[in-house]
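Data block for protein-v4.txt (compact mmCIF, C-alpha atoms):
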```txt
# COMPACT_ATOMS: atom_id res chain seq x y z
CA MET F 10 -13.24 -3.12 -7.63
CA ARG F 11 -10.96 -5.52 -5.85
CA TYR F 12 -8.02 -6.22 -8.13
CA GLU F 13 -7.80 -9.90 -7.26
CA LEU F 14 -11.43 -10.37 -8.37
CA MET F 15 -11.14 -8.45 -11.64
CA LEU F 16 -11.24 -10.08 -15.05
CA PRO F 17 -8.72 -8.97 -17.72
CA HIS F 18 -11.31 -6.93 -19.64
CA GLN F 19 -12.15 -5.06 -16.40
CA ILE F 20 -8.47 -4.29 -15.85
CA ARG F 21 -8.20 -2.92 -19.38
CA ASP F 22 -11.32 -0.79 -18.84
CA ALA F 23 -9.96 0.59 -15.54
CA ILE F 24 -6.67 1.49 -17.26
CA ASP F 25 -8.47 3.11 -20.21
CA ARG F 26 -10.55 5.23 -17.81
CA ASN F 27 -7.50 6.05 -15.65
CA LEU F 28 -9.25 4.87 -12.49
CA PRO F 29 -7.25 5.26 -9.27
CA CYS F 30 -5.36 2.10 -8.38
CA VAL F 31 -4.91 2.06 -4.62
CA LEU F 32 -2.62 -0.02 -2.40
CA PRO F 33 -3.62 -0.20 1.29
CA ILE F 34 -0.37 -0.29 3.31
CA GLY F 35 0.12 -0.98 6.98
CA VAL F 36 1.78 -3.08 9.61
CA LEU F 37 1.02 -5.91 11.96
CA GLU F 38 1.83 -4.78 15.47
CA TYR F 39 0.77 -4.99 19.06
CA HIS F 40 -1.65 -2.21 20.03
CA ALA F 41 -2.50 -3.46 23.54
CA GLU F 42 -4.84 -6.24 24.54
CA HIS F 43 -8.02 -4.59 23.25
CA MET F 44 -7.08 -4.19 19.58
CA ALA F 45 -6.23 -6.43 16.64
CA VAL F 46 -2.63 -6.48 15.43
CA GLY F 47 -3.81 -5.61 11.91
CA MET F 48 -5.57 -2.42 12.98
CA ASP F 49 -3.36 -0.02 11.00
CA THR F 50 -3.95 -1.83 7.71
CA LEU F 51 -7.58 -2.59 8.48
CA ALA F 52 -8.26 1.13 8.95
CA VAL F 53 -7.10 1.81 5.38
CA ASP F 54 -8.80 -1.27 3.94
CA ARG F 55 -12.16 -0.46 5.52
CA SER F 56 -11.93 3.22 4.58
CA LEU F 57 -11.32 2.26 0.96
CA ALA F 58 -14.26 -0.14 1.07
CA ARG F 59 -16.47 2.79 2.06
CA LEU F 60 -14.94 5.03 -0.58
CA GLU F 61 -15.58 2.32 -3.17
CA SER F 62 -19.31 2.81 -2.64
CA GLU F 63 -18.91 6.48 -3.67
CA MET F 64 -16.47 6.27 -6.56
CA GLU F 65 -14.86 3.81 -8.93
CA LEU F 66 -11.40 2.67 -8.00
CA VAL F 67 -9.21 -0.39 -8.13
CA ILE F 68 -8.18 -1.66 -4.70
CA LEU F 69 -5.09 -3.84 -4.62
CA PRO F 70 -4.73 -6.57 -1.98
CA SER F 71 -3.72 -4.99 1.33
CA PHE F 72 -0.04 -5.03 2.25
CA TYR F 73 0.24 -5.83 5.95
CA CYS F 74 3.94 -6.57 6.43
CA GLY F 75 5.51 -3.17 6.93
CA ALA F 76 8.04 -2.04 9.49
CA GLY F 77 6.35 -2.58 12.81
CA SER F 78 8.08 -1.49 15.95
CA TYR F 79 9.28 -3.33 19.00
CA ALA F 80 9.47 0.01 20.86
CA VAL F 81 5.94 -0.36 22.23
CA ALA F 82 6.14 -4.00 23.25
CA PRO F 83 8.25 -7.06 22.54
CA SER F 84 7.15 -9.25 19.65
CA GLU F 85 7.17 -12.49 21.62
CA ARG F 86 3.58 -13.64 22.19
CA ASN F 87 2.28 -10.18 21.21
CA GLY F 88 2.21 -10.50 17.42
CA THR F 89 4.29 -7.64 16.03
CA VAL F 90 5.78 -8.51 12.62
CA HIS F 91 8.68 -6.33 11.51
CA VAL F 92 10.03 -6.15 7.96
CA GLY F 93 12.67 -3.44 7.68
CA GLY F 94 12.54 -0.65 5.17
CA GLU F 95 15.66 -1.96 3.41
CA ALA F 96 13.71 -5.12 2.52
CA LEU F 97 10.51 -3.27 1.63
CA THR F 98 12.03 -0.92 -0.94
CA PRO F 99 12.97 -3.52 -3.60
CA PHE F 100 9.63 -5.28 -3.17
CA ALA F 101 7.67 -2.04 -3.50
CA LYS F 102 9.74 -0.91 -6.49
CA ASP F 103 8.98 -4.18 -8.28
CA LEU F 104 5.30 -3.88 -7.37
CA PHE F 105 4.99 -0.31 -8.67
CA GLY F 106 7.04 -1.20 -11.76
CA SER F 107 4.70 -4.08 -12.48
CA LEU F 108 1.62 -1.87 -12.11
CA LEU F 109 3.15 0.64 -14.55
CA LYS F 110 3.94 -2.18 -16.99
CA ILE F 111 0.33 -3.41 -16.77
CA GLY F 112 -0.77 0.09 -17.76
CA PHE F 113 -1.89 1.81 -14.57
CA ARG F 114 -0.88 5.48 -14.31
CA ASN F 115 -3.05 6.69 -11.42
CA ILE F 116 -1.40 4.70 -8.60
CA HIS F 117 -1.69 5.53 -4.91
CA GLY F 118 -0.38 3.96 -1.72
CA ILE F 119 -2.33 4.81 1.41
CA ILE F 120 -0.72 4.05 4.74
CA HIS F 121 -1.94 4.22 8.29
CA HIS F 122 0.77 3.99 10.89
CA GLN F 123 1.25 6.35 13.81
CA SER F 124 4.06 8.84 13.94
CA GLU F 125 4.62 11.94 16.00
CA ASN F 126 6.44 13.57 13.06
CA PHE F 127 4.71 11.94 10.12
CA TRP F 128 5.98 14.50 7.61
CA GLN F 129 9.50 13.16 8.22
CA GLY F 130 8.31 9.66 7.46
CA MET F 131 8.45 6.24 9.05
CA PRO F 132 10.34 3.24 7.63
CA THR F 133 7.37 1.78 5.74
CA ASP F 134 6.17 4.93 4.03
CA LEU F 135 9.74 6.07 3.32
CA ALA F 136 10.46 2.73 1.64
CA PHE F 137 7.31 2.89 -0.48
CA ARG F 138 7.91 6.55 -1.42
CA ALA F 139 11.49 5.86 -2.51
CA ALA F 140 10.36 2.76 -4.40
CA ALA F 141 7.60 4.66 -6.22
CA ARG F 142 10.03 7.34 -7.35
CA GLY F 143 12.53 4.72 -8.47
CA ALA F 144 9.90 2.76 -10.38
CA ILE F 145 8.66 5.90 -12.13
CA PHE F 146 12.13 6.96 -13.24
CA ASP F 147 13.04 3.44 -14.37
CA PHE F 148 9.79 3.31 -16.36
CA LEU F 149 10.44 6.71 -17.95
CA ASP F 150 14.00 5.72 -18.83
CA ARG F 151 12.71 2.61 -20.61
CA THR F 152 9.80 4.27 -22.40
CA ARG F 153 11.05 7.74 -23.35
```

Give the structure from this file in structure tokens form.
Amino acid sequence: MRYELMLPHQIRDAIDRNLPCVLPIGVLEYHAEHMAVGMDTLAVDRSLARLESEMELVILPSFYCGAGSYAVAPSERNGTVHVGGEALTPFAKDLFGSLLKIGFRNIHGIIHHQSENFWQGMPTDLAFRAAARGAIFDFLDRTR
């Protein structure tokens, strides 16, 4: 189910059944002349659309404005949009905090953005990971 299309009773039902609530995360960046700038996010979005046909889940609106990189090509006339991790963290913390306040407990962010050492993290996923941890601990401090 696409969150933006859900009615309040459907949201309550999804919460009661602890359905996964998934946030597609990506960036807008130049990938060469043959590929759309939204490819990273589109890969997640389209994968979740296929998964939705196999299982019930709540899909949040895709987040496209992560930390792109100007290392591959300059932004001018190529389309890369860069929002630094330091700006992403407070946004993501508020987003995850809001989802917890609504009642979701099975929340996932899925990101597609290339990295040679992905386990170390890239600015976008590091920001969202830190934000998720912060939101969880803030929520626990308020509720326990």

Go through F:Leu66, F:Leu51, F:His43, F:Ile145 one by one, measure the shortest atom-to-atom distance of each to Met15 in chain F using all atoms listed in the file, and give the residue with the smallest value.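 Ranking F:Leu66, F:Leu51, F:His43, F:Ile145 by distance to Met15 in chain F, first place goes to F:Leu66.
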
Nearby residues (all atoms listed in the file) at most 9 Å from Ala136 in chain F, same-chain spacing under 4 positions excluded, as an mmCIF file with C-alpha atoms, in the frame of the given file:
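Printed below is out_22.cif as written:
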```cif
data_model
loop_
_atom_site.group_PDB
_atom_site.id
_atom_site.type_symbol
_atom_site.label_atom_id
_atom_site.label_comp_id
_atom_site.auth_asym_id
_atom_site.auth_seq_id
_atom_site.Cartn_x
_atom_site.Cartn_y
_atom_site.Cartn_z
ATOM 1 C CA GLY F 93 12.670 -3.440 7.680
ATOM 2 C CA GLY F 94 12.540 -0.650 5.170
ATOM 3 C CA GLU F 95 15.660 -1.960 3.410
ATOM 4 C CA ALA F 96 13.710 -5.120 2.520
ATOM 5 C CA LEU F 97 10.510 -3.270 1.630
ATOM 6 C CA THR F 98 12.030 -0.920 -0.940
ATOM 7 C CA PRO F 99 12.970 -3.520 -3.600
ATOM 8 C CA ALA F 101 7.670 -2.040 -3.500
ATOM 9 C CA LYS F 102 9.740 -0.910 -6.490
ATOM 10 C CA MET F 131 8.450 6.240 9.050
ATOM 11 C CA PRO F 132 10.340 3.240 7.630
ATOM 12 C CA ALA F 140 10.360 2.760 -4.400
ATOM 13 C CA ALA F 141 7.600 4.660 -6.220
#
```

Identify, on the basis of all atoms listed in the file, every residue whose closest approach to Ala23 in chain F does not exceed 9 Å; exclude the query and any residue fewer than 5 positions from it along the same chain; express the result as a ChimeraX atom specification. /F:18,28-30,65-67,113

Expressed in Å to a single decimal, how great is the separation between CA of Val31 in chain F and CA of Leu57 in chain F? 8.5 Å

Let me make sure I understand: among F:Val81, F:Ile20, F:Leu69, F:Val90, which one has the smallest atom-to-atom distance to Leu104 in chain F if we use only C-alpha atoms?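 Comparing F:Val81, F:Ile20, F:Leu69, F:Val90 against Leu104 in chain F, the winner is F:Leu69.
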
Please indicate the distance in Å from CA of Gly112 in chain F to CA of Leu135 in chain F, rounded to one decimal place.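 Calculated distance between CA of Gly112 in chain F and CA of Leu135 in chain F is 24.3 Å.
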
If you count only C-alpha atoms, which residues fall within 8 Å of Ala144 in chain F, apart from same-chain ones fewer than 6 positions away, as a list in words?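 Close residues of Ala144 in chain F: Lys102, Asp103, Phe105 and Gly106 of chain F.
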
Since we have the selection now, will you write its residues out, keeping C-alpha atoms, as a PDB file, keeping the file's coordinate frame?
```
ATOM      1  CA  LYS F 102       9.740  -0.910  -6.490  1.00  0.00           C
ATOM      2  CA  ASP F 103       8.980  -4.180  -8.280  1.00  0.00           C
ATOM      3  CA  PHE F 105       4.990  -0.310  -8.670  1.00  0.00           C
ATOM      4  CA  GLY F 106       7.040  -1.200 -11.760  1.00  0.00           C
TER       5      GLY F 106
END
```
